[in-house]
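With compact mmCIF, C-alpha atoms and all ligand atoms inside, this is query_29.txt:
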# COMPACT_ATOMS: atom_id res chain seq x y z
CA MET A 960 8.52 21.84 -7.40
CA THR A 961 8.64 22.33 -11.14
CA ALA A 962 10.13 25.29 -12.96
CA THR A 963 6.96 25.95 -14.89
CA GLY A 964 3.33 25.82 -13.89
CA SER A 965 1.76 26.01 -10.49
CA TRP A 966 2.02 23.50 -7.71
CA PRO A 967 -0.06 21.57 -7.04
CA SER A 968 -1.12 21.08 -10.63
CA PRO A 969 -4.86 20.75 -11.32
CA GLU A 970 -4.29 17.05 -11.75
CA GLN A 971 -2.57 16.72 -8.39
CA ALA A 972 -5.30 18.77 -6.74
CA ARG A 973 -7.92 16.49 -8.27
CA ARG A 974 -6.14 13.38 -7.03
CA ARG A 975 -5.87 14.90 -3.59
CA ASP A 976 -9.63 15.58 -3.51
CA GLU A 977 -10.32 12.06 -4.73
CA LEU A 978 -8.11 10.45 -2.08
CA ALA A 979 -9.45 12.73 0.65
CA ALA A 980 -13.04 11.73 -0.16
CA ALA A 981 -12.25 8.01 -0.36
CA LEU A 982 -10.26 8.14 2.86
CA ALA A 983 -13.07 9.96 4.66
CA ALA A 984 -15.57 7.36 3.42
CA THR A 985 -13.30 4.53 4.59
CA ARG A 986 -12.83 6.13 7.99
CA ALA A 987 -16.60 6.47 8.27
CA ARG A 988 -17.07 2.78 7.40
CA VAL A 989 -14.48 1.73 9.97
CA GLY A 990 -16.05 3.98 12.60
CA ALA A 991 -19.54 2.68 11.94
CA ALA A 992 -18.38 -0.95 11.96
CA ALA A 993 -16.51 -0.47 15.22
CA ARG A 994 -19.48 1.21 16.92
CA ALA A 995 -21.80 -1.52 15.62
CA ALA A 996 -19.51 -4.07 17.26
CA GLY A 997 -19.45 -2.09 20.51
CA ARG A 998 -15.82 -1.16 19.96
CA ASP A 999 -13.97 2.14 20.13
CA PRO A 1000 -13.11 3.17 16.54
CA GLU A 1001 -9.69 4.17 17.85
CA THR A 1002 -8.89 0.48 18.33
CA VAL A 1003 -8.91 -0.10 14.56
CA THR A 1004 -5.99 1.10 12.46
CA ILE A 1005 -6.42 1.64 8.73
CA ILE A 1006 -3.44 0.52 6.66
CA ALA A 1007 -3.60 2.09 3.20
CA VAL A 1008 -2.39 -0.56 0.75
CA THR A 1009 -0.68 1.51 -1.94
CA LYS A 1010 0.55 -1.30 -4.20
CA ASN A 1011 0.34 -0.39 -7.89
CA TRP A 1012 0.02 3.31 -7.04
CA PRO A 1013 2.83 5.89 -7.13
CA ALA A 1014 4.83 7.37 -4.28
CA GLN A 1015 3.03 10.66 -4.93
CA ASP A 1016 -0.19 9.03 -3.69
CA VAL A 1017 1.61 7.95 -0.52
CA ARG A 1018 2.67 11.58 0.00
CA ILE A 1019 -0.89 12.81 -0.45
CA LEU A 1020 -2.21 10.18 1.96
CA ALA A 1021 0.43 11.15 4.51
CA SER A 1022 -0.68 14.77 4.22
CA LEU A 1023 -4.24 13.57 4.93
CA GLY A 1024 -3.15 11.93 8.17
CA VAL A 1025 -2.42 8.39 7.04
CA ALA A 1026 0.42 6.96 9.13
CA ASP A 1027 0.36 3.33 7.99
CA VAL A 1028 1.00 2.08 4.46
CA GLY A 1029 1.06 -1.45 3.09
CA GLU A 1030 2.81 -2.96 0.10
CA ASN A 1031 2.95 -6.49 -1.25
CA ARG A 1032 5.96 -6.63 -3.58
CA ASP A 1033 9.48 -6.06 -2.38
CA GLN A 1034 10.95 -4.13 -5.28
CA GLU A 1035 8.04 -1.71 -5.59
CA ALA A 1036 7.90 -1.25 -1.83
CA ALA A 1037 11.63 -0.61 -1.51
CA GLU A 1038 11.52 2.09 -4.19
CA LYS A 1039 8.47 3.80 -2.71
CA ALA A 1040 9.79 3.67 0.84
CA ALA A 1041 13.03 5.28 -0.35
CA LEU A 1042 11.11 8.05 -2.14
CA CYS A 1043 9.07 8.67 1.02
CA ALA A 1044 11.89 8.32 3.53
CA ASP A 1045 11.31 11.87 4.77
CA LEU A 1046 7.77 11.01 5.92
CA ALA A 1047 7.11 9.49 9.33
CA LEU A 1048 5.28 6.43 8.07
CA THR A 1049 4.97 2.89 9.33
CA TRP A 1050 5.55 0.47 6.44
CA HIS A 1051 3.70 -2.83 6.43
CA PHE A 1052 4.76 -5.65 4.15
CA VAL A 1053 1.61 -7.68 3.47
CA GLY A 1054 2.53 -9.88 0.49
CA GLN A 1055 3.94 -13.34 0.19
CA LEU A 1056 7.61 -13.23 0.94
CA GLN A 1057 10.49 -15.36 -0.29
CA THR A 1058 13.31 -15.92 2.18
CA ASN A 1059 15.85 -14.39 -0.22
CA LYS A 1060 13.95 -11.09 0.01
CA ALA A 1061 14.02 -10.96 3.80
CA LYS A 1062 17.14 -8.83 3.87
CA SER A 1063 15.66 -6.22 1.55
CA VAL A 1064 12.26 -6.11 3.28
CA VAL A 1065 13.81 -5.66 6.69
CA GLY A 1066 15.56 -2.58 5.30
CA TYR A 1067 12.31 -0.58 5.13
CA ALA A 1068 9.44 -2.58 6.64
CA ASP A 1069 8.42 -1.95 10.22
CA VAL A 1070 5.96 -4.84 10.25
CA VAL A 1071 5.79 -8.02 8.16
CA HIS A 1072 2.25 -9.44 8.08
CA SER A 1073 3.00 -12.57 6.07
CA VAL A 1074 5.22 -14.71 8.28
CA ASP A 1075 4.05 -18.25 7.62
CA ARG A 1076 6.98 -20.64 7.98
CA VAL A 1077 9.97 -21.33 10.17
CA ARG A 1078 12.51 -20.70 7.43
CA LEU A 1079 11.09 -17.23 6.92
CA VAL A 1080 11.18 -16.48 10.66
CA ASP A 1081 14.85 -17.42 10.72
CA ALA A 1082 15.67 -15.41 7.59
CA LEU A 1083 13.92 -12.32 8.98
CA SER A 1084 15.66 -12.71 12.32
CA HIS A 1085 19.04 -13.00 10.66
CA ALA A 1086 18.34 -9.98 8.43
CA ALA A 1087 17.01 -7.86 11.29
CA GLN A 1088 20.06 -8.60 13.41
CA SER A 1089 22.45 -7.70 10.62
CA CYS A 1090 20.63 -4.36 10.07
CA GLY A 1091 20.40 -3.71 13.78
CA ARG A 1092 16.63 -3.34 13.51
CA THR A 1093 13.62 -4.79 15.27
CA VAL A 1094 10.86 -5.94 12.94
CA GLY A 1095 7.27 -6.54 14.01
CA CYS A 1096 5.87 -9.86 12.79
CA LEU A 1097 2.40 -11.31 12.37
CA VAL A 1098 1.76 -14.99 11.80
CA GLN A 1099 -0.22 -15.24 8.58
CA VAL A 1100 -2.86 -17.94 8.93
CA SER A 1101 -4.25 -19.82 5.97
CA LEU A 1102 -8.02 -19.58 6.32
CA ASP A 1103 -9.02 -21.57 3.26
CA GLY A 1104 -6.98 -24.73 3.69
CA ASP A 1105 -5.24 -23.80 0.47
CA SER A 1106 -1.74 -22.45 0.82
CA GLY A 1107 -1.82 -20.88 -2.64
CA ARG A 1108 -2.17 -17.45 -1.11
CA GLY A 1109 0.28 -18.12 1.69
CA GLY A 1110 -0.35 -18.62 5.36
CA ALA A 1111 0.42 -21.26 7.93
CA ALA A 1112 -1.98 -24.07 8.71
CA PRO A 1113 -3.88 -23.22 11.91
CA VAL A 1114 -2.27 -26.16 13.71
CA ASP A 1115 1.20 -24.68 13.09
CA VAL A 1116 0.36 -21.17 14.31
CA PRO A 1117 1.30 -21.51 18.03
CA ALA A 1118 4.76 -22.93 17.26
CA LEU A 1119 5.43 -20.21 14.69
CA ALA A 1120 4.37 -17.57 17.19
CA ASP A 1121 6.77 -19.01 19.75
CA ARG A 1122 9.59 -19.03 17.22
CA ILE A 1123 9.01 -15.36 16.34
CA ALA A 1124 8.77 -14.40 20.00
CA THR A 1125 12.18 -15.91 20.69
CA GLY A 1126 13.76 -14.72 17.42
CA ALA A 1127 16.42 -12.05 17.87
CA GLY A 1128 15.47 -8.82 16.13
CA LEU A 1129 11.81 -9.84 15.88
CA ARG A 1130 8.78 -8.81 17.84
CA LEU A 1131 5.62 -10.90 17.76
CA LEU A 1132 2.61 -8.61 17.28
CA GLY A 1133 -0.22 -11.02 16.46
CA VAL A 1134 -1.90 -12.74 13.54
CA MET A 1135 -3.01 -11.91 10.01
CA GLY A 1136 -5.50 -13.51 7.67
CA VAL A 1137 -7.03 -13.08 4.24
CA ALA A 1138 -10.61 -14.30 3.92
CA PRO A 1139 -11.16 -16.94 1.28
CA LEU A 1140 -12.94 -15.85 -1.87
CA GLY A 1141 -15.82 -18.19 -1.08
CA GLN A 1142 -17.04 -18.69 -4.58
CA SER A 1143 -19.23 -21.65 -5.15
CA ASP A 1144 -18.39 -24.19 -7.86
CA ASP A 1145 -22.03 -25.09 -8.12
CA PRO A 1146 -23.46 -23.29 -11.17
CA ALA A 1147 -26.91 -23.38 -9.57
CA GLU A 1148 -25.53 -21.15 -6.81
CA ALA A 1149 -23.51 -18.97 -9.09
CA THR A 1150 -26.06 -16.18 -9.21
CA GLY A 1151 -25.09 -12.88 -7.70
CA ALA A 1152 -27.16 -12.77 -4.52
CA VAL A 1153 -26.61 -16.39 -3.50
CA ARG A 1154 -22.93 -16.17 -4.24
CA ALA A 1155 -22.58 -12.99 -2.23
CA ALA A 1156 -24.38 -14.62 0.69
CA ASN A 1157 -22.05 -17.64 0.46
CA ALA A 1158 -18.97 -15.47 0.30
CA GLU A 1159 -20.12 -13.58 3.38
CA ASP A 1160 -20.71 -16.84 5.19
CA VAL A 1161 -17.29 -18.18 4.29
CA ALA A 1162 -15.60 -14.91 5.29
CA GLU A 1163 -17.54 -14.84 8.56
CA ARG A 1164 -16.31 -18.33 9.50
CA ALA A 1165 -12.77 -17.45 8.45
CA PHE A 1166 -12.64 -14.30 10.59
CA ALA A 1167 -14.14 -16.17 13.54
CA ARG A 1168 -11.44 -18.83 13.19
CA LEU A 1169 -8.75 -16.15 13.01
CA ALA A 1170 -10.07 -14.58 16.21
CA GLU A 1171 -9.88 -17.97 17.96
CA LEU A 1172 -6.29 -18.44 16.86
CA ALA A 1173 -5.44 -14.92 17.98
CA ALA A 1174 -6.81 -15.77 21.43
CA ILE A 1175 -4.72 -18.95 21.56
CA VAL A 1176 -1.57 -17.00 20.63
CA ARG A 1177 -2.33 -14.39 23.33
CA VAL A 1178 -2.36 -17.05 26.04
CA GLY A 1179 1.39 -17.50 25.63
CA HIS A 1180 2.08 -13.97 24.36
CA PRO A 1181 -0.27 -11.46 26.00
CA GLY A 1182 1.33 -8.54 24.16
CA ALA A 1183 0.61 -9.98 20.71
CA GLY A 1184 -2.78 -8.36 20.31
CA TRP A 1185 -2.91 -7.48 16.62
CA ILE A 1186 -5.46 -9.06 14.32
CA SER A 1187 -4.76 -7.91 10.76
CA ALA A 1188 -7.90 -8.78 8.82
CA GLY A 1189 -10.34 -7.19 6.44
CA MET A 1190 -9.86 -5.45 3.12
CA SER A 1191 -11.98 -3.08 1.02
CA GLY A 1192 -14.78 -5.60 0.55
CA ASP A 1193 -15.03 -7.18 3.98
CA LEU A 1194 -13.67 -4.77 6.57
CA GLU A 1195 -17.00 -4.53 8.46
CA LEU A 1196 -17.08 -8.29 8.97
CA ALA A 1197 -13.45 -8.35 10.07
CA ILE A 1198 -14.04 -5.54 12.58
CA ALA A 1199 -17.05 -7.41 13.95
CA HIS A 1200 -14.62 -10.27 14.60
CA GLY A 1201 -12.02 -8.18 16.37
CA ALA A 1202 -9.73 -6.91 13.61
CA THR A 1203 -7.31 -4.31 14.97
CA HIS A 1204 -5.76 -3.52 11.57
CA VAL A 1205 -7.65 -3.40 8.28
CA ARG A 1206 -5.67 -3.41 5.02
CA VAL A 1207 -7.51 -1.20 2.56
CA GLY A 1208 -6.40 -0.78 -1.04
CA SER A 1209 -9.02 -0.15 -3.72
CA ALA A 1210 -11.58 1.56 -1.46
CA ILE A 1211 -9.03 4.34 -0.83
CA LEU A 1212 -6.80 4.36 -3.92
CA GLY A 1213 -9.33 3.24 -6.53
CA GLN A 1214 -9.44 0.40 -9.03
CA ARG A 1215 -6.69 -0.09 -11.52
CA ARG A 1216 -6.97 -2.05 -14.69
CA ASP A 1217 -3.32 -3.06 -14.73
CA LEU A 1218 -3.41 -4.86 -11.38
CA ARG A 1219 -0.62 -7.36 -11.28
C1 LIG B 1 -3.99 -5.80 -2.02
C2 LIG B 1 -4.10 -6.33 -0.67
C3 LIG B 1 -5.02 -5.77 0.23
C4 LIG B 1 -5.97 -4.66 -0.15
O1 LIG B 1 -6.99 -5.18 -0.95
P1 LIG B 1 -8.25 -4.30 -1.42
O2 LIG B 1 -9.28 -5.30 -1.73
O3 LIG B 1 -7.79 -3.51 -2.60
O4 LIG B 1 -8.62 -3.43 -0.27
C5 LIG B 1 -5.06 -6.29 1.51
N1 LIG B 1 -4.26 -7.31 1.88
C6 LIG B 1 -3.37 -7.87 1.05
C7 LIG B 1 -2.52 -8.99 1.54
C8 LIG B 1 -3.26 -7.40 -0.26
O5 LIG B 1 -2.38 -7.96 -1.10

Now, as a test, write the supplied structure out as structure tokens.
Ligand SMILES: *Cc1c(COP(=O)(O)O)cnc(C)c1O
Amino acid sequence: MTATGSWPSPEQARRRDELAAALAATRARVGAAARAAGRDPETVTIIAVTKNWPAQDVRILASLGVADVGENRDQEAAEKAALCADLALTWHFVGQLQTNKAKSVVGYADVVHSVDRVRLVDALSHAAQSCGRTVGCLVQVSLDGDSGRGGAAPVDVPALADRIATGAGLRLLGVMGVAPLGQSDDPAEATGAVRAANAEDVAERAFARLAELAAIVRVGHPGAGWISAGMSGDLELAIAHGATHVRVGSAILGQRRDLR
């Protein structure tokens, strides 16, 4: 509340309208994709990825019924979570995570989507125990054979799942994946339509592989039913392959030029 002017300001009201429209459109996409896959739309949770956007946007989204928010950098997430501590939100950490940040992340995150190595499992377990918290964990799977964007090799996923399941202070929830970009190096294929078709193909195979790994994990851990997959550009494909949680940034919040 400011001493001068009305609240909400015209600018805040405009942002609210913008977010409400984008959120409604995203919910419609998720609903349509779920129905097309013969699934109940209620089985898909939208996580609004608010990285690079201010805490005020998180507040607006909360007022529009968003209960799940995602962030990918510890410092920014910690600040925003503190500013929004009065809201009943579930905070998802979806970015690559260094072990020395485990303690901080466990302070605000309810779920960490990017658990991809034993050392990180142990650091999170240690941190969770010292805070007296239980943190949900997903095994992030590398779907492009390139660990540049994080993720465990598929062959290592079952052992990591077991380690999380037995880790004090941790709760194994399922698996997470980011579809590869799928761009062709072949200049002859580098035209829009062909490239888009390739990317879709690559993403399709990646989500199918993730679903297989999720099923393998569920054999030993029937309660670990989450599949975190799909973003603004590919959520329909992910939902067709069983995604239970889609992580949506730009389709809800918009595009920013200063993306880091
Ligand atoms: C930023 C981000 C998203 C959201 O991406 P959009 O394409 O903006 O929807 C999802 N997952 C992860 C891990 C991210 O870092």

Using all atoms listed in the file, the residue out of A:Leu1172, A:Leu1079, A:Ala1183, A:Leu1097 with shortest distance to Val1114 (chain A) is A:Leu1172

Selection within 6 Å of ligand LIG 1 (chain B) by only C-alpha atoms and all ligand atoms, output as number ranges by chain: A: 1008, 1031, 1053-1054, 1190-1192, 1206-1210

Suppose you want the space between CA of Ser1063 (chain A) and CA of Ala1014 (chain A); what is it in Å? 18.3 Å

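Proximity to Tyr1067 (chain A) was assessed for A:Ala1037, A:Ala1082, A:Leu1048, A:Ile1019 counting only C-alpha atoms; the smallest distance is recorded for A:Ala1037.
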
List as a ChimeraX atom specification the protein and nucleic acid residues near Arg1168 (chain A), meaning an atom at most 12 Å away when all atoms listed in the file are counted, but skip any in the same chain fewer than 4 places from it. /A:1100-1103,1112-1114,1134-1138,1161-1164,1172-1175,1186,1188,1197,1200-1201

Kindly assemble as CSV a list of the region 1135-1217 of chain A residues that lie within 12 Å of region 966-976 of chain A, each paired with its nearest atom pair and their distance in Å to one decimal, using all atoms listed in the file, sorted first by chain and then by ascending residue number.
residue,atom,partner,partner_atom,distance
A:Ile1211,CA,A:Arg974,CA,11.3
A:Leu1212,CA,A:Arg974,CA,9.6
A:Gly1213,CA,A:Arg974,CA,10.6

Between A:Ala1047, A:Leu1083, A:Val1028, A:Ala1120, single out the one closest to Val1064 (chain A), counting only C-alpha atoms.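 For Val1064 (chain A), the nearest of the given residues is A:Leu1083.
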